[in-house]
Every structure is written in C-alpha cells, then in structure tokens.
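> Can you read through this structure? Questions will come right after.
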Amino acid sequence: MIVCVCRRVSDQQIRQAAADGAHSLECLQFDLGVATQCGRCADCASRVLCDAREARHSEAHTIAFSRPLQAQMA
C-alpha cells in the first residue's frame, strides 16, 4: 500500500528501510522522503516502521531461542 502519496512510498519500502537499519521517522525522511511534503503520512509511516522493527525483533528472538532446542534434538 502507498503510505506517502506525495513521494509515492509504499509500506514495503518502509519495511525494507527498517531491515536496512532505519530506526526512526527521521531516518525514513532522510532515506525515502517520507513526511517531508504535507506530513499527513507521518503517523502511518511511524506505525509501519514500528511494526516492521517489532516483527524483526520477534523473528530474531524466536530464532535465537529455537537454535538450542534444535541442537538438543539432533
């Protein structure tokens, strides 16, 4: 979905930016131009970034804790 209409930035681009290390709205503004025109997308862009970072953190947490279990089962 398009999050920033002014700059045509999608949620997938924001998720990729999070994967590449973006950690704040300011990072998105610098990297993608999000919320630098009218600003209406700032809240949505922040939510998408937060969700993406939480998903990556949760995924990393799951992987970190599943490895010892897998090693024990082998």
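Residue numbers start at 1 in each chain; chains themselves are named A, B, ... in the order of the structure tokens; ligands are numbered from 1 in the order shown.
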So that I can see what lies close to segment 12-22 of chain A, please list as a ChimeraX atom specification the residues with an atom at most 9 Å from it, counting only C-alpha atoms and leaving out residues fewer than 6 positions away in the same chain.

/A:1-3,28,31-32,45,48-53,56

> Give me the residues near Gly33 of chain A as a ChimeraX atom specification, where near means some atom within 9 Å (using only C-alpha atoms) and where sequence neighbours in that chain fewer than 5 positions away do not count.

/A:4,7,9,28

> Point out the residue among A:Glu54, A:Ala42, A:Arg47, A:Arg8 with the least atom-to-atom distance to Glu26 of chain A, counting only C-alpha atoms.

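Among A:Glu54, A:Ala42, A:Arg47, A:Arg8, it is A:Ala42 that comes nearest to Glu26 of chain A.
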
> So how many Å separate atom CA of Ser10 of chain A and atom CA of Cys44 of chain A, to one decimal?

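Distance between the two atoms: 10.8 Å.
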
> Expressed in Å to a single decimal, how great is the separation between atom CA of Leu25 of chain A and atom CA of Ala55 of chain A?

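Interatomic distance, atom CA of Leu25 of chain A to atom CA of Ala55 of chain A: 17.2 Å.
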
> In Å, with one decimal, what is the gap from atom CA of Ser24 of chain A to atom CA of Arg40 of chain A?

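Result for atom CA of Ser24 of chain A versus atom CA of Arg40 of chain A: 16.4 Å, one decimal.
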